[in-house]
$ cat coords_17.tsv   # TSV, C-alpha atoms and all ligand atoms
chain	number	residue	atom	x	y	z
N	26	MET	CA	26.66	-73.26	4.77
N	27	LEU	CA	28.97	-75.70	6.52
N	28	GLU	CA	27.68	-77.75	9.37
N	29	ASP	CA	28.79	-80.23	11.98
N	30	PRO	CA	26.27	-82.62	13.55
N	31	GLY	CA	27.86	-82.40	16.98
N	32	GLY	CA	28.16	-78.68	17.49
N	33	GLY	CA	27.01	-76.24	14.89
N	34	ALA	CA	28.12	-74.16	11.95
N	35	ALA	CA	29.75	-70.82	11.49
N	36	ARG	CA	29.60	-68.58	8.46
N	37	ARG	CA	30.59	-65.16	7.34
N	38	GLU	CA	27.85	-62.71	6.51
N	39	GLY	CA	29.11	-59.38	5.25
N	40	ASP	CA	31.37	-58.00	7.96
N	41	SER	CA	29.99	-60.12	10.80
N	42	PHE	CA	30.40	-63.73	11.81
N	43	LYS	CA	27.48	-65.80	12.85
N	44	ALA	CA	27.23	-69.27	14.30
N	45	GLU	CA	24.40	-71.70	14.26
N	46	LEU	CA	24.60	-73.92	17.26
N	47	TRP	CA	22.58	-76.83	18.43
N	48	SER	CA	23.15	-79.16	21.25
N	49	SER	CA	22.00	-82.42	22.68
N	50	CYS	CA	22.03	-80.96	26.16
N	51	ARG	CA	18.46	-81.47	27.37
N	52	GLY	CA	17.83	-78.18	29.14
N	53	TRP	CA	19.05	-76.12	26.26
N	54	ARG	CA	17.24	-78.08	23.62
N	55	LYS	CA	13.97	-77.72	25.42
N	56	MET	CA	14.32	-73.99	25.23
N	57	LYS	CA	15.56	-73.63	21.72
N	58	LEU	CA	16.75	-76.27	19.36
N	59	HIS	CA	18.38	-74.06	16.85
N	60	CYS	CA	19.77	-70.57	17.24
N	61	GLU	CA	21.78	-68.02	15.38
N	62	VAL	CA	24.16	-65.77	17.24
N	63	GLU	CA	26.63	-63.02	16.49
N	64	LEU	CA	30.21	-64.20	17.15
N	65	LYS	CA	32.51	-61.28	16.47
N	66	GLU	CA	33.82	-60.02	19.85
N	67	ASN	CA	30.79	-61.54	21.46
N	68	ILE	CA	32.29	-64.48	23.36
N	69	GLU	CA	32.99	-64.06	27.04
N	70	GLN	CA	34.49	-67.47	27.75
N	71	PHE	CA	35.05	-70.98	26.39
N	72	PHE	CA	34.73	-74.00	28.69
N	73	THR	CA	36.63	-76.81	27.06
N	74	LYS	CA	37.72	-79.08	29.92
N	75	PHE	CA	35.60	-81.97	28.64
N	76	MET	CA	36.22	-81.45	24.97
N	77	ASP	CA	37.64	-84.99	24.62
N	78	GLU	CA	34.27	-86.33	25.79
N	79	GLY	CA	32.52	-84.26	23.12
N	80	LYS	CA	31.32	-81.56	25.52
N	81	ALA	CA	32.02	-77.83	25.62
N	82	THR	CA	30.29	-74.61	26.57
N	83	VAL	CA	30.45	-71.21	24.89
N	84	ARG	CA	29.48	-68.26	27.07
N	85	LEU	CA	28.15	-65.36	25.01
N	86	LYS	CA	28.06	-61.72	25.95
N	87	GLU	CA	24.88	-60.90	24.06
N	88	PRO	CA	22.47	-62.58	24.60
N	89	PRO	CA	23.99	-63.47	27.99
N	90	VAL	CA	23.60	-67.24	27.72
N	91	ASP	CA	25.72	-70.38	27.95
N	92	ILE	CA	25.52	-72.63	24.93
N	93	CYS	CA	26.20	-76.22	25.97
N	94	LEU	CA	27.43	-78.54	23.24
N	95	SER	CA	27.36	-82.24	24.00
N	96	LYS	CA	27.42	-85.66	22.38
N	97	ALA	CA	29.69	-84.22	19.70
N	98	ASN	CA	32.48	-85.94	17.85
N	99	SER	CA	35.50	-84.54	19.74
N	100	SER	CA	37.66	-83.75	16.69
N	101	SER	CA	34.77	-82.02	14.91
N	102	LEU	CA	34.07	-80.14	18.10
N	103	LYS	CA	37.70	-78.96	18.30
N	104	SER	CA	37.61	-77.74	14.69
N	105	PHE	CA	34.31	-76.06	15.30
N	106	LEU	CA	35.49	-74.28	18.43
N	107	SER	CA	38.71	-73.09	16.80
N	108	ALA	CA	36.59	-71.68	13.97
N	109	VAL	CA	34.37	-69.95	16.52
N	110	ARG	CA	37.50	-68.54	18.24
N	111	LEU	CA	38.72	-67.14	14.93
N	112	ALA	CA	35.31	-65.67	14.20
N	113	HIS	CA	35.31	-64.06	17.62
N	114	ARG	CA	38.62	-62.38	16.76
N	115	GLY	CA	37.24	-61.34	13.39
N	116	CYS	CA	39.55	-63.62	11.34
N	117	ASN	CA	38.69	-65.45	8.17
N	118	ILE	CA	37.17	-68.83	9.01
N	119	GLU	CA	36.77	-70.37	5.58
N	120	VAL	CA	39.69	-72.80	5.94
N	121	PRO	CA	39.02	-74.65	9.23
N	122	LEU	CA	35.35	-75.10	8.42
N	123	SER	CA	35.98	-76.75	5.09
N	124	THR	CA	36.22	-80.22	6.70
N	125	PHE	CA	32.68	-80.10	8.07
N	126	THR	CA	29.99	-82.15	6.37
N	127	PRO	CA	26.34	-81.14	6.14
N	128	VAL	CA	24.10	-82.76	8.73
N	129	LYS	CA	21.41	-85.08	7.37
N	130	THR	CA	17.82	-84.80	8.56
N	131	SER	CA	17.85	-88.51	9.47
N	132	GLU	CA	20.91	-87.93	11.71
N	133	PHE	CA	19.09	-85.16	13.46
N	134	GLU	CA	15.95	-87.32	13.94
N	135	LYS	CA	17.96	-89.70	16.10
N	136	PHE	CA	18.30	-87.08	18.80
N	137	LYS	CA	14.67	-86.05	18.86
N	138	THR	CA	13.20	-85.96	22.37
N	139	LYS	CA	9.58	-85.16	21.61
N	140	MET	CA	7.19	-86.57	19.07
N	141	VAL	CA	3.50	-85.75	18.81
N	142	ILE	CA	1.29	-87.72	16.42
N	143	THR	CA	-2.40	-86.89	16.37
N	144	SER	CA	-3.66	-88.70	13.31
N	145	LYS	CA	-3.55	-92.19	11.86
N	146	LYS	CA	-1.89	-91.07	8.64
N	147	ASP	CA	1.18	-89.71	10.49
N	148	TYR	CA	1.72	-92.89	12.51
N	149	PRO	CA	5.10	-94.48	11.63
N	150	LEU	CA	4.48	-98.00	10.35
N	151	SER	CA	7.79	-98.86	8.72
N	152	LYS	CA	10.15	-96.60	10.67
N	153	ASN	CA	11.14	-96.98	14.33
N	154	PHE	CA	10.54	-94.25	16.88
N	155	PRO	CA	13.76	-92.31	17.67
N	156	TYR	CA	15.39	-93.99	20.68
N	157	SER	CA	16.13	-90.66	22.34
N	158	LEU	CA	12.40	-89.83	22.76
N	159	GLU	CA	11.41	-88.58	26.20
N	160	HIS	CA	7.91	-87.47	25.30
N	161	LEU	CA	5.73	-89.43	22.93
N	162	GLN	CA	2.13	-88.72	22.10
N	163	THR	CA	0.13	-90.87	19.70
N	164	SER	CA	-3.52	-89.85	19.96
N	165	TYR	CA	-6.42	-90.46	17.55
N	166	CYS	CA	-4.37	-93.18	15.84
N	167	GLY	CA	-6.92	-95.97	16.29
N	168	LEU	CA	-4.44	-98.10	18.28
N	169	VAL	CA	-6.03	-101.26	19.71
N	170	ARG	CA	-2.93	-102.21	21.69
N	171	VAL	CA	0.25	-100.57	22.89
N	172	ASP	CA	2.87	-100.67	20.15
N	173	MET	CA	5.79	-102.82	21.39
N	174	ARG	CA	8.25	-100.44	19.69
N	175	MET	CA	7.26	-97.81	22.26
N	176	LEU	CA	8.35	-100.09	25.07
N	177	CYS	CA	11.95	-99.99	23.81
N	178	LEU	CA	12.12	-96.23	24.37
N	179	LYS	CA	13.98	-96.37	27.66
N	180	ASN	CA	14.28	-92.59	28.03
N	181	LEU	CA	10.53	-92.06	27.89
N	182	ARG	CA	9.21	-89.82	30.66
N	183	LYS	CA	5.85	-88.92	29.21
N	184	LEU	CA	3.66	-91.28	27.21
N	185	ASP	CA	0.31	-90.09	25.92
N	186	LEU	CA	-1.86	-92.76	24.28
N	187	SER	CA	-5.15	-90.95	24.79
N	188	HIS	CA	-8.07	-91.21	22.33
N	189	ASN	CA	-7.34	-94.69	20.99
N	190	HIS	CA	-9.07	-98.09	21.33
N	191	ILE	CA	-6.64	-99.84	23.71
N	192	LYS	CA	-8.28	-102.64	25.69
N	193	LYS	CA	-5.40	-104.05	27.66
N	194	LEU	CA	-2.03	-102.79	28.84
N	195	PRO	CA	1.09	-104.93	28.55
N	196	ALA	CA	2.93	-105.46	31.87
N	197	THR	CA	6.10	-104.37	30.06
N	198	ILE	CA	5.01	-100.72	30.29
N	199	GLY	CA	6.44	-101.18	33.78
N	200	ASP	CA	9.90	-101.59	32.21
N	201	LEU	CA	9.93	-97.93	31.21
N	202	ILE	CA	11.91	-97.00	34.28
N	203	HIS	CA	11.78	-93.23	33.80
N	204	LEU	CA	8.07	-92.99	32.97
N	205	GLN	CA	6.55	-90.18	35.02
N	206	GLU	CA	3.38	-89.34	33.11
N	207	LEU	CA	1.03	-91.82	31.52
N	208	ASN	CA	-2.12	-90.66	29.75
N	209	LEU	CA	-4.54	-93.41	28.72
N	210	SER	CA	-7.73	-91.40	28.71
N	211	ASP	CA	-10.49	-92.21	26.23
N	212	ASN	CA	-9.60	-95.85	25.54
N	213	HIS	CA	-11.38	-99.17	26.19
N	214	LEU	CA	-9.49	-100.28	29.29
N	215	GLU	CA	-11.34	-102.51	31.72
N	216	SER	CA	-8.58	-102.89	34.28
N	217	PHE	CA	-5.20	-101.73	35.50
N	218	SER	CA	-3.16	-104.83	36.25
N	219	VAL	CA	-1.52	-105.88	39.51
N	220	ALA	CA	1.72	-106.45	37.57
N	221	LEU	CA	1.80	-102.78	36.56
N	222	CYS	CA	1.12	-101.69	40.14
N	223	GLN	CA	4.10	-103.75	41.28
N	224	SER	CA	6.47	-102.66	38.50
N	225	THR	CA	9.13	-99.92	38.51
N	226	LEU	CA	6.24	-97.48	38.01
N	227	GLN	CA	6.07	-97.55	41.81
N	228	ARG	CA	9.18	-95.38	41.86
N	229	SER	CA	8.64	-93.22	38.78
N	230	LEU	CA	4.97	-92.66	37.97
N	231	ARG	CA	3.67	-89.25	39.11
N	232	SER	CA	0.70	-88.62	36.86
N	233	LEU	CA	-1.83	-91.15	35.60
N	234	ASP	CA	-4.88	-90.36	33.51
N	235	LEU	CA	-7.31	-93.26	33.14
N	236	SER	CA	-10.42	-91.15	32.54
N	237	LYS	CA	-13.02	-92.19	29.94
N	238	ASN	CA	-12.40	-95.94	30.13
N	239	LYS	CA	-14.46	-98.87	31.39
N	240	ILE	CA	-12.70	-99.63	34.66
N	241	LYS	CA	-14.91	-101.09	37.39
N	242	ALA	CA	-12.31	-101.43	40.14
N	243	LEU	CA	-8.62	-100.90	40.73
N	244	PRO	CA	-6.59	-103.63	42.46
N	245	VAL	CA	-5.62	-103.17	46.09
N	246	GLN	CA	-1.97	-103.07	44.95
N	247	PHE	CA	-2.74	-99.85	43.09
N	248	CYS	CA	-1.97	-98.01	46.33
N	249	GLN	CA	1.66	-99.13	45.99
N	250	LEU	CA	2.11	-96.47	43.28
N	251	ARG	CA	3.25	-94.18	46.06
N	252	GLU	CA	4.78	-91.45	43.90
N	253	LEU	CA	1.45	-90.56	42.28
N	254	THR	CA	0.54	-86.91	42.64
N	255	ASP	CA	-2.15	-86.65	39.93
N	256	LEU	CA	-4.79	-89.27	39.32
N	257	LYS	CA	-7.71	-88.92	36.92
N	258	LEU	CA	-10.42	-91.58	36.94
N	259	ASP	CA	-13.40	-89.60	35.64
N	260	ASP	CA	-16.03	-91.27	33.46
N	261	ASN	CA	-15.33	-94.89	34.33
N	262	GLU	CA	-17.56	-97.50	35.97
N	263	LEU	CA	-15.82	-97.59	39.34
N	264	ILE	CA	-17.90	-99.25	42.03
N	265	ARG	CA	-15.23	-98.79	44.70
N	266	PHE	CA	-11.88	-97.21	45.41
N	267	PRO	CA	-9.01	-99.42	46.55
N	268	PHE	CA	-9.62	-99.41	50.30
N	269	LYS	CA	-5.96	-98.67	51.11
N	270	MET	CA	-6.28	-95.38	49.23
N	271	GLY	CA	-4.88	-93.50	52.22
N	272	GLN	CA	-1.45	-94.91	51.40
N	273	LEU	CA	-1.20	-92.60	48.39
N	274	THR	CA	0.33	-89.93	50.59
N	275	ASN	CA	1.80	-87.88	47.72
N	276	LEU	CA	-1.51	-87.59	45.90
N	277	ARG	CA	-2.59	-83.97	45.44
N	278	PHE	CA	-5.07	-83.99	42.54
N	279	LEU	CA	-7.75	-86.64	42.42
N	280	SER	CA	-10.76	-86.69	40.17
N	281	ALA	CA	-13.22	-89.54	39.82
N	282	ALA	CA	-16.32	-87.72	38.62
N	283	ARG	CA	-19.18	-89.63	37.00
N	284	ASN	CA	-18.47	-93.10	38.36
N	285	LYS	CA	-20.64	-95.46	40.40
N	286	LEU	CA	-19.09	-95.09	43.84
N	287	PRO	CA	-21.61	-95.85	46.62
N	288	PHE	CA	-19.15	-95.21	49.49
N	289	LEU	CA	-15.59	-94.12	50.14
N	290	PRO	CA	-13.23	-96.34	52.13
N	291	SER	CA	-12.40	-95.11	55.64
N	292	GLU	CA	-8.70	-94.77	54.70
N	293	PHE	CA	-9.78	-92.04	52.29
N	294	GLN	CA	-9.71	-89.76	55.33
N	295	ASN	CA	-5.90	-90.04	55.46
N	296	LEU	CA	-5.47	-88.27	52.12
N	297	SER	CA	-4.19	-84.72	51.96
N	298	LEU	CA	-5.30	-83.28	48.63
N	299	GLU	CA	-5.28	-79.92	46.94
N	300	TYR	CA	-8.09	-80.76	44.53
N	301	LEU	CA	-10.86	-83.34	44.68
N	302	ASP	CA	-13.67	-83.95	42.22
N	303	LEU	CA	-16.20	-86.71	42.95
N	304	PHE	CA	-19.14	-85.12	41.16
N	305	GLY	CA	-21.89	-87.33	39.81
N	306	ASN	CA	-21.31	-90.55	41.75
N	307	THR	CA	-24.07	-92.75	43.10
N	308	PHE	CA	-23.32	-92.10	46.78
N	309	GLU	CA	-25.72	-93.89	49.10
N	310	GLN	CA	-27.22	-92.53	52.28
N	311	PRO	CA	-25.30	-93.80	55.34
N	312	LYS	CA	-27.14	-96.70	56.96
N	313	ALA	CA	-28.48	-96.04	60.43
N	314	LEU	CA	-27.71	-99.56	61.62
N	315	PRO	CA	-24.34	-101.25	61.39
N	316	VAL	CA	-23.79	-104.59	59.66
N	317	ILE	CA	-22.62	-107.01	62.36
N	318	MET	CA	-20.55	-109.99	61.25
N	319	LEU	CA	-18.87	-110.79	64.54
N	320	GLN	CA	-18.37	-114.33	65.73
N	321	THR	CA	-17.32	-115.44	69.21
N	322	PRO	CA	-15.03	-117.15	69.62
N	323	LEU	CA	-13.19	-116.10	66.47
N	324	THR	CA	-12.57	-118.83	63.91
N	325	LEU	CA	-9.07	-120.24	63.74
N	326	LEU	CA	-8.63	-118.68	60.27
N	327	GLU	CA	-9.68	-115.24	61.53
N	328	SER	CA	-7.42	-115.42	64.61
N	329	SER	CA	-4.38	-116.55	62.65
N	330	ALA	CA	-4.97	-113.98	59.89
N	331	ARG	CA	-5.27	-111.17	62.43
N	332	ALA	CA	-2.10	-112.35	64.18
N	333	MET	CA	-0.15	-112.58	60.90
N	334	LEU	CA	-1.12	-109.09	59.81
N	335	TYR	CA	-0.71	-107.50	63.23
N	336	ASN	CA	2.77	-108.98	63.63
N	337	ARG	CA	3.64	-108.23	59.99
N	338	ILE	CA	4.61	-111.83	59.28
N	339	PRO	CA	5.55	-112.08	55.60
N	340	TYR	CA	3.39	-114.33	53.43
N	341	GLY	CA	3.16	-115.38	49.79
N	342	SER	CA	1.62	-118.01	47.54
N	343	HIS	CA	4.74	-120.16	47.97
N	344	ILE	CA	3.86	-120.66	51.68
N	345	ILE	CA	0.05	-120.52	51.88
N	346	PRO	CA	-2.75	-121.02	49.32
N	347	PHE	CA	-3.21	-118.17	46.86
N	348	HIS	CA	-6.80	-117.44	47.94
N	349	LEU	CA	-5.58	-116.89	51.52
N	350	CYS	CA	-3.00	-114.40	50.22
N	351	GLN	CA	-5.82	-112.56	48.50
N	352	ASP	CA	-7.86	-112.57	51.72
N	353	LEU	CA	-4.90	-111.19	53.64
N	354	ASP	CA	-4.28	-108.54	50.96
N	355	THR	CA	-7.85	-107.36	51.27
N	356	ALA	CA	-8.15	-107.50	55.06
N	357	LYS	CA	-10.02	-104.60	56.60
N	358	THR	CA	-8.33	-102.16	58.95
N	359	CYS	CA	-10.16	-101.27	62.13
N	360	VAL	CA	-10.02	-97.75	63.57
N	361	CYS	CA	-7.77	-99.20	66.31
N	362	GLY	CA	-5.18	-100.18	63.69
N	363	ARG	CA	-5.75	-103.92	63.99
N	364	PHE	CA	-7.04	-106.01	61.10
N	365	CYS	CA	-10.07	-108.17	60.43
N	366	LEU	CA	-10.82	-110.65	57.68
N	367	SER	CA	-14.45	-111.73	57.81
N	368	CYS	CA	-15.42	-111.00	61.43
N	369	PHE	CA	-16.21	-107.33	61.81
N	370	ILE	CA	-18.80	-104.66	62.29
N	371	GLN	CA	-19.34	-102.47	59.28
N	372	GLY	CA	-20.62	-98.96	59.86
N	373	THR	CA	-21.17	-95.96	57.63
N	374	THR	CA	-20.77	-92.31	58.45
N	375	THR	CA	-20.49	-89.16	56.39
N	376	MET	CA	-17.45	-87.00	55.95
N	377	ASN	CA	-17.10	-83.50	54.64
N	378	LEU	CA	-14.68	-83.70	51.73
N	379	HIS	CA	-13.14	-80.38	52.75
N	380	SER	CA	-11.40	-82.29	55.54
N	381	VAL	CA	-9.15	-83.98	52.94
N	382	ALA	CA	-8.90	-81.36	50.16
N	383	HIS	CA	-8.51	-77.58	49.82
N	384	THR	CA	-10.61	-77.37	46.68
N	385	VAL	CA	-13.64	-79.63	46.46
N	386	VAL	CA	-15.95	-79.86	43.48
N	387	LEU	CA	-19.55	-80.28	44.66
N	388	VAL	CA	-20.62	-83.92	44.67
N	389	ASP	CA	-24.08	-83.21	43.26
N	390	ASN	CA	-26.25	-80.48	41.85
N	391	MET	CA	-27.62	-79.78	45.33
N	392	GLY	CA	-24.37	-78.16	46.44
N	393	GLY	CA	-23.23	-80.97	48.74
N	394	THR	CA	-19.62	-81.59	49.73
N	395	GLU	CA	-20.31	-84.61	51.93
N	396	ALA	CA	-19.77	-88.24	51.06
N	397	PRO	CA	-20.45	-91.51	52.88
N	398	ILE	CA	-17.52	-93.37	54.41
N	399	ILE	CA	-17.52	-97.07	55.13
N	400	SER	CA	-15.67	-98.14	58.28
N	401	TYR	CA	-14.82	-101.52	59.78
N	402	PHE	CA	-14.44	-102.43	63.43
N	403	CYS	CA	-12.66	-105.51	64.72
N	404	SER	CA	-14.74	-105.77	67.88
N	405	LEU	CA	-17.82	-104.48	69.62
N	406	ALA	CA	-15.56	-102.44	71.92
N	407	CYS	CA	-14.00	-100.59	68.97
N	408	TYR	CA	-17.42	-99.89	67.48
N	409	VAL	CA	-18.81	-98.56	70.77
N	410	ASN	CA	-15.71	-96.41	71.33
N	411	SER	CA	-15.97	-94.85	67.89
N	412	CYS	CA	-19.70	-94.15	68.38
N	413	ASP	CA	-18.85	-92.45	71.68
N	414	MET	CA	-16.25	-90.32	69.93
N	415	LEU	CA	-18.76	-89.17	67.33
N	416	LYS	CA	-21.22	-88.01	69.97
L	501	ZN	ZN	-10.41	-102.49	66.54
$ encode --input "coords_17.tsv" --output "structure tokens" --more "lines below"
Ligand SMILES: [Zn+2]
Amino acid sequence: MLEDPGGGAARREGDSFKAELWSSCRGWRKMKLHCEVELKENIEQFFTKFMDEGKATVRLKEPPVDICLSKANSSSLKSFLSAVRLAHRGCNIEVPLSTFTPVKTSEFEKFKTKMVITSKKDYPLSKNFPYSLEHLQTSYCGLVRVDMRMLCLKNLRKLDLSHNHIKKLPATIGDLIHLQELNLSDNHLESFSVALCQSTLQRSLRSLDLSKNKIKALPVQFCQLRELTDLKLDDNELIRFPFKMGQLTNLRFLSAARNKLPFLPSEFQNLSLEYLDLFGNTFEQPKALPVIMLQTPLTLLESSARAMLYNRIPYGSHIIPFHLCQDLDTAKTCVCGRFCLSCFIQGTTTMNLHSVAHTVVLVDNMGGTEAPIISYFCSLACYVNSCDMLK
């Protein structure tokens, strides 16, 4: 059999001509990497406008599909297509195909888009991962850190590192600009860094699985991962959600079962989910009395912080001390939309989780779907108003 790495091979079999075609065109390859088709009088049309760029399409009659050939060597592609044309007419194709060379397995490896490794013995130690990979899974490989070779795979869309022993994530994962799905479940992670939250993942990451780790809290910047639609945090040690959770407006599936959440932040009420699972958390009973931490007059720090945030004045550690930046980052939002730093009234209420999600997994074995919400008020007036509204 004669083959061409860019396009395919054609051969004569009895009275019929058959072609084996493969392509680097993503959509096609996902469906079928390798196919065998009848050629004789079976071609409806050739599309050869971009043949010089190594691209062409062959439209078959039966099955009625378009075979897209891409990333081919243009002269090999021309020879291949003229052989296919001859085969279509029923002519002898031995001569034009004689220049083709057999494709090597290693050549083919280079264009691989998916690789799944589920045991230590299959993990490549001496060989690099193919650069064309879009989906890489390396589970049950005993990895204690993320392999730097993976971070060179710029086409990666899906990275599954579940069931390993990874303790820390390198910030450079954020350089994988196309990464949409990241699965880190069943590892030893204790945190998810601010650097990752502020990386290009903000624009690409849709699905994140951090379940079965040892995470106690996520940074406030986590809510900047605005494209997230699926978030799994089950079986961690979470003692709180990032309080700006409501900013994750694209989030549809959220599960954080079996953590240690005592309350939900008030911004949680802004979410609009399809599925929510908060089973097995240590939710506390709402306190009857509010915690009052108001001070009159307000301290200079509190007044200036409130003014900065309300007027959206930009700040950073190059202008003000770092600890003040942190205070401003973690300022509480009152129901009136204003902010407070350390002067506030803290109240707790309960919310029915059905108000934020279509499907709600019961929070306990008693059949409850309610959870406590912690709210902050910038003034006595705001607190009184909100109490009046609840009545
Ligand atoms: Zn207020």
$ residues_around --input "coords_17.tsv" --residues "Asn153 (chain N)" --least-positions-apart "3" --cutoff "12 Å" --atoms "all atoms listed in the file" --output "list in words"
Ser131, Glu134, Lys135, Tyr148, Pro149, Leu150, Tyr156, Ser157, Leu158, Asp172, Met173, Arg174, Met175, Leu176, Cys177 and Leu178 of chain N
$ closest_residue --input "coords_17.tsv" --among "N:Thr73, N:Thr274, N:Ser367, N:Ser100" --to "Tyr401 (chain N)" --atoms "all atoms listed in the file"
N:Ser367
$ closest_residue --input "coords_17.tsv" --among "N:Asp389, N:Asn275, N:Ala281, N:Arg363" --to "ligand ZN 501 (chain L)" --atoms "only C-alpha atoms and all ligand atoms"
N:Arg363
$ atom_distance --input "coords_17.tsv" --atom1 "CA of Val245 (chain N)" --atom2 "CA of Gln162 (chain N)"
29.1 Å
$ residues_near_ligand --input "coords_17.tsv" --ligand "ligand ZN 501 (chain L)" --cutoff "7 Å" --atoms "only C-alpha atoms and all ligand atoms" --output "list in words"
Cys359, Val360, Cys361, Gly362, Arg363, Phe402, Cys403, Ser404 and Cys407 of chain N
$ closest_residue --input "coords_17.tsv" --among "N:Asp302, N:Glu159, N:Asp260, N:Asp147" --to "Leu214 (chain N)" --atoms "all atoms listed in the file"
N:Asp260
$ residues_around --input "coords_17.tsv" --residues "Lys285 (chain N)" --least-positions-apart "3" --cutoff "8 Å" --atoms "all atoms listed in the file" --output "list in words"
Glu262, Leu263, Ile264, Arg265, Asn306, Thr307 and Phe308 of chain N
$ residues_near_point --input "coords_17.tsv" --point "(-10.1, -93.6, 29.9)" --cutoff "8 Å" --atoms "only C-alpha atoms" --output "ChimeraX atom specification"
/N:187,209-214,234-239,258-261
$ atom_distance --input "coords_17.tsv" --atom1 "CA of Ser291 (chain N)" --atom2 "CA of Thr374 (chain N)"
9.3 Å
$ atom_distance --input "coords_17.tsv" --atom1 "CA of Ile68 (chain N)" --atom2 "CA of Lys96 (chain N)"
21.8 Å
$ closest_residue --input "coords_17.tsv" --among "N:Ala108, N:Ala356, N:Ile398, N:Leu168" --to "Tyr335 (chain N)" --atoms "all atoms listed in the file"
N:Ala356
$ closest_residue --input "coords_17.tsv" --among "N:Pro88, N:Cys93, N:Phe364, N:Pro155" --to "Phe72 (chain N)" --atoms "all atoms listed in the file"
N:Cys93
$ closest_residue --input "coords_17.tsv" --among "N:Gly271, N:Thr375, N:Ile338, N:Ser229" --to "Glu309 (chain N)" --atoms "all atoms listed in the file"
N:Thr375
$ residues_near_point --input "coords_17.tsv" --point "(3.3, -91.0, 37.1)" --cutoff "7 Å" --atoms "all atoms listed in the file" --output "PDB file with C-alpha atoms, in the frame of the given file"
ATOM      1  CA  LEU N 204       8.070 -92.990  32.970  1.00  0.00           C
ATOM      2  CA  GLN N 205       6.550 -90.180  35.020  1.00  0.00           C
ATOM      3  CA  GLU N 206       3.380 -89.340  33.110  1.00  0.00           C
ATOM      4  CA  LEU N 207       1.030 -91.820  31.520  1.00  0.00           C
ATOM      5  CA  SER N 229       8.640 -93.220  38.780  1.00  0.00           C
ATOM      6  CA  LEU N 230       4.970 -92.660  37.970  1.00  0.00           C
ATOM      7  CA  ARG N 231       3.670 -89.250  39.110  1.00  0.00           C
ATOM      8  CA  SER N 232       0.700 -88.620  36.860  1.00  0.00           C
ATOM      9  CA  LEU N 233      -1.830 -91.150  35.600  1.00  0.00           C
ATOM     10  CA  GLU N 252       4.780 -91.450  43.900  1.00  0.00           C
ATOM     11  CA  LEU N 253       1.450 -90.560  42.280  1.00  0.00           C
TER      12      LEU N 253
END
